[in-house]
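Quick notes on the structure that follows.
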Amino acid sequence: MSLVTPSSVQKLQTALHAKAKESPNFRFYALYDKVYRKDVLDFAYHRCKANGGAAGVDGQTFEDIEAYGEERWLDELAQELKSRTYQPLPVRRVYIPKPDGKQRPLGVPAIRDRTAEMAAVLVLEPIFEADLQPEQYAYRSDRSALDAVKHVHKLINTGHEEIVDADLSGYFDSIPHPHLLKSVARRIVDGAMLHLIKMWLEAPVEETDEKGNKHRSTRNRDDGRGTPQGAPLSPLLSNIYMRRFVLGWRKLGHEKRLQARIVNYADDFVICCRGKAAEARATMQGMMVRLRLTVNETKTRVCKLPEEKFDFLGYTFGRCYSPKTGRAYLGTVPSKKRVMRICQAIRAETRRSQTQRKPQEVTGQLNQMINGWANYFCLGPVSHAYRAIEQHARKRLRQWLCAKHQVSWPAVKQFSDAALHDKFGLVRLTQRTGNFPWAKA
């Protein structure tokens, strides 16, 4: 359920954004008191609550706060911020598996810290939104990953057929604090606000090992770099720092000189070039050195269309063929990795160990996963991918039903394709729109 921004908070954000847009060189000097404003802090808390998430190092949950009294809890947090006695707790480190088998570190701040950070985001985001570049698509209310995909598609069909497919190593963990804070201070001169951001950046990280022992690290403070993924402020800070590269590319004349356009989403970006991609890659690497960021040399490459293909934001860009005319064109399809990933998720949801569940519960969960996947993968010729996923879902659901009801496989009469869809309610993915309009152009 999406929350409606209170009118008083909306009014504050509109005024901040308008001033930032109207005066690109204006520096804001009285923002800290807005963070602990009752309406801002209350809305920040409910934003965090709507996002859910686990407890931080203090073990406090949203249920605990409700039992204690939300208003009382928020009043105490507001008083800490107002009296400048607020100190963030360590961030709890957890790891989530990545598709390549590695693990991605996430930071889970305590709810009190998430709420304070979200309040800061509500105040700061309208200011920096005025400064972010049109090539930046992540974490912005009027832009999305699909918009970034469409932008790249437009570029490759207007002569930008050499691509620098770039990869940064641990972007969020590498952002240097002094340079980042300098980027923030370009707009913010409120010392209390800057100190608050610095405290969050330097907060210790607590991990629990396999034996249950807790270990705290001050690496972020000691190394002076990194903003933990999972914290509410992290997306905004990552955009602010990436802006230096995106804006610098244009201001230094590389975009015009190399006829090379950047499209960026969080730590992912490609540079679409009209030739000179090798020079664009070398120039980009030089800029990243100055920004104290590390380019992953093994994953960064130059791709030349239409002979080669590249992946960006889950889509594979390259030569496609019209199913009606057979004509070749440059387009997109869902990447094989993303098709395999949804198939693995379907497999996990229909394990034999799950047979105690009701069929409606399983199909409901499968439909939610499949529809969510298809809502994003809706550009270009997707029929082949949809068909493969639908067939896999039918096979896995049929196997699950056989195990649940102790029926011999394959049971295609008892659990026919029609029955899986009509009786058990499995979504018919192939009935969705098969092709995005650009595929027919």
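For the structure tokens, the naming scheme is as follows: chains receive sequential letters (A, B, ...) according to their order of presentation, residues are indexed from 1 within each chain, and ligands are indexed from 1 in presentation order.
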| request: Taking the DSSP assignment computed from this structure's backbone, write out as number ranges by chain all residues of range 283-337 of chain A that belong to alpha helix (DSSP H). | output: A: 283-290, 336-337
| task | Identify, on the basis of only C-alpha atoms, every residue whose closest approach to Leu366 in chain A does not exceed 9 Å; exclude the query and any residue fewer than 6 positions from it along the same chain; express the result as number ranges by chain. | result | A: 345-346, 349-350, 393, 426-427
| request: Give the strand (DSSP E or B) residues of range 44-177 of chain A, as DSSP finds them on the backbone, and put them as number ranges by chain. | output: A: 91-97, 103-108, 136, 162-168, 176
Selection near range 123-138 of chain A, 7 Å with only C-alpha atoms, sequence-local residues under 6 positions removed, as an mmCIF file with N, CA and C atoms, in the first residue's frame:
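That gives us result_37.cif:
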data_model
loop_
_atom_site.group_PDB
_atom_site.id
_atom_site.type_symbol
_atom_site.label_atom_id
_atom_site.label_comp_id
_atom_site.auth_asym_id
_atom_site.auth_seq_id
_atom_site.Cartn_x
_atom_site.Cartn_y
_atom_site.Cartn_z
ATOM 1 N N GLN A 13 8.410 20.125 0.735
ATOM 2 C CA GLN A 13 9.226 19.561 -0.346
ATOM 3 C C GLN A 13 9.115 20.380 -1.619
ATOM 4 N N LEU A 16 11.234 23.540 -1.202
ATOM 5 C CA LEU A 16 12.671 23.246 -1.284
ATOM 6 C C LEU A 16 13.099 22.960 -2.719
ATOM 7 N N HIS A 17 12.293 22.172 -3.427
ATOM 8 C CA HIS A 17 12.627 21.829 -4.815
ATOM 9 C C HIS A 17 12.581 23.063 -5.713
ATOM 10 N N ALA A 20 15.652 25.165 -5.134
ATOM 11 C CA ALA A 20 16.842 24.517 -5.698
ATOM 12 C C ALA A 20 16.849 24.616 -7.222
ATOM 13 N N LYS A 21 15.686 24.464 -7.829
ATOM 14 C CA LYS A 21 15.581 24.515 -9.288
ATOM 15 C C LYS A 21 15.801 25.939 -9.789
ATOM 16 N N LYS A 34 14.044 20.825 10.244
ATOM 17 C CA LYS A 34 12.959 20.194 9.485
ATOM 18 C C LYS A 34 12.949 18.684 9.699
ATOM 19 N N VAL A 35 14.109 18.102 10.030
ATOM 20 C CA VAL A 35 14.217 16.654 10.184
ATOM 21 C C VAL A 35 13.382 16.173 11.369
ATOM 22 N N SER A 144 12.370 5.308 -14.001
ATOM 23 C CA SER A 144 12.434 3.898 -13.625
ATOM 24 C C SER A 144 13.498 3.191 -14.446
ATOM 25 N N ALA A 145 13.737 1.942 -14.073
ATOM 26 C CA ALA A 145 14.679 1.132 -14.838
ATOM 27 C C ALA A 145 14.181 0.921 -16.262
ATOM 28 N N ALA A 148 15.168 3.736 -18.386
ATOM 29 C CA ALA A 148 16.582 3.647 -18.770
ATOM 30 C C ALA A 148 16.754 2.674 -19.936
ATOM 31 N N LEU A 236 20.013 7.966 -2.149
ATOM 32 C CA LEU A 236 20.193 9.383 -2.479
ATOM 33 C C LEU A 236 21.673 9.740 -2.544
ATOM 34 N N ARG A 243 26.423 11.537 -9.821
ATOM 35 C CA ARG A 243 26.206 12.758 -10.593
ATOM 36 C C ARG A 243 27.529 13.398 -10.988
ATOM 37 N N LEU A 247 27.751 14.290 -14.824
ATOM 38 C CA LEU A 247 27.856 15.709 -15.178
ATOM 39 C C LEU A 247 29.245 16.038 -15.722
ATOM 40 N N ILE A 262 25.875 8.642 -21.833
ATOM 41 C CA ILE A 262 25.769 7.776 -20.660
ATOM 42 C C ILE A 262 24.298 7.530 -20.332
ATOM 43 N N VAL A 263 23.987 6.298 -19.925
ATOM 44 C CA VAL A 263 22.700 5.982 -19.303
ATOM 45 C C VAL A 263 23.038 5.258 -17.999
ATOM 46 N N ASN A 264 22.539 5.806 -16.882
ATOM 47 C CA ASN A 264 22.943 5.317 -15.560
ATOM 48 C C ASN A 264 21.741 4.900 -14.720
ATOM 49 N N TYR A 265 21.896 3.772 -14.035
ATOM 50 C CA TYR A 265 20.912 3.337 -13.049
ATOM 51 C C TYR A 265 21.664 2.804 -11.840
ATOM 52 N N ALA A 266 21.666 3.581 -10.746
ATOM 53 C CA ALA A 266 22.405 3.224 -9.514
ATOM 54 C C ALA A 266 23.882 3.039 -9.849
#
| Distance query Gln344 in chain A at most 12 Å, only C-alpha atoms, self and fewer than 6 positions along chain excluded, as a PyMOL selection string | chain A and resi 99+337-338+350-351+366+369-370+389+392-393+396
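The environment of Phe26 in chain A within 9 Å, counting only C-alpha atoms and disregarding residues fewer than 6 places along the same chain, consists of Lys19, Ala20, Arg186, Arg187 and Ile188 of chain A.
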May I have the residues within 8 Å of Pro410 in chain A as a short mmCIF file (atom, residue, chain, number, x, y, z; two decimals) with C-alpha atoms, in the first residue's frame, using only C-alpha atoms and disregarding those fewer than 4 positions away in the same chain?
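Wrote selection.cif, looks like this:
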data_model
loop_
_atom_site.label_atom_id
_atom_site.label_comp_id
_atom_site.auth_asym_id
_atom_site.auth_seq_id
_atom_site.Cartn_x
_atom_site.Cartn_y
_atom_site.Cartn_z
CA ARG A 398 1.98 -30.46 -11.87
CA GLN A 399 4.91 -32.16 -10.12
CA CYS A 402 1.39 -35.14 -7.93
#
| field | Exercise: Arg301 in chain A partners within 9 Å, only C-alpha atoms, chain neighbours under 6 positions left out, as JSON, numbers by chain | value | {"A": [163, 164, 165, 166, 167, 278, 281]}
Any chance you can output those residues with N, CA, C and O atoms as an mmCIF file, in the first residue's frame?
data_model
loop_
_atom_site.group_PDB
_atom_site.id
_atom_site.type_symbol
_atom_site.label_atom_id
_atom_site.label_comp_id
_atom_site.auth_asym_id
_atom_site.auth_seq_id
_atom_site.Cartn_x
_atom_site.Cartn_y
_atom_site.Cartn_z
ATOM 1 N N ILE A 163 29.153 0.173 -27.696
ATOM 2 C CA ILE A 163 28.731 0.301 -26.308
ATOM 3 C C ILE A 163 29.889 -0.009 -25.363
ATOM 4 O O ILE A 163 30.569 -1.021 -25.525
ATOM 5 N N VAL A 164 30.086 0.881 -24.377
ATOM 6 C CA VAL A 164 30.969 0.551 -23.262
ATOM 7 C C VAL A 164 30.073 -0.032 -22.179
ATOM 8 O O VAL A 164 29.281 0.683 -21.547
ATOM 9 N N ASP A 165 30.162 -1.345 -22.015
ATOM 10 C CA ASP A 165 29.381 -2.058 -21.003
ATOM 11 C C ASP A 165 30.220 -2.072 -19.727
ATOM 12 O O ASP A 165 31.134 -2.862 -19.572
ATOM 13 N N ALA A 166 29.918 -1.139 -18.816
ATOM 14 C CA ALA A 166 30.798 -0.875 -17.670
ATOM 15 C C ALA A 166 30.327 -1.593 -16.416
ATOM 16 O O ALA A 166 29.149 -1.890 -16.239
ATOM 17 N N ASP A 167 31.283 -1.868 -15.524
ATOM 18 C CA ASP A 167 30.969 -2.478 -14.241
ATOM 19 C C ASP A 167 31.907 -1.902 -13.185
ATOM 20 O O ASP A 167 33.123 -1.863 -13.374
ATOM 21 N N ALA A 278 36.390 2.588 -27.627
ATOM 22 C CA ALA A 278 37.619 2.240 -26.903
ATOM 23 C C ALA A 278 38.179 3.471 -26.194
ATOM 24 O O ALA A 278 38.627 3.403 -25.037
ATOM 25 N N ARG A 281 35.980 4.298 -23.242
ATOM 26 C CA ARG A 281 36.265 3.410 -22.102
ATOM 27 C C ARG A 281 37.493 3.900 -21.342
ATOM 28 O O ARG A 281 37.471 3.973 -20.102
#
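With only C-alpha atoms as the atoms that count, the minimum distance from Pro204 in chain A to the choices A:Met287, A:Val295, A:Ile111, A:Val57 is reached by A:Val57.
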| message | Considering only C-alpha atoms, can you say which of A:Lys395, A:Glu207, A:Pro90, A:Ser353 comes closest to Ala411 in chain A? | response | A:Lys395
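Shortest separation to Lys309 in chain A among A:Ile156, A:Lys324, A:His254, A:Leu31 occurs at residue A:Ile156, atoms counted being only C-alpha atoms.
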| query | So how many Å separate CA of Ser383 in chain A and CA of Pro334 in chain A, to one decimal? | reply | 10.0 Å
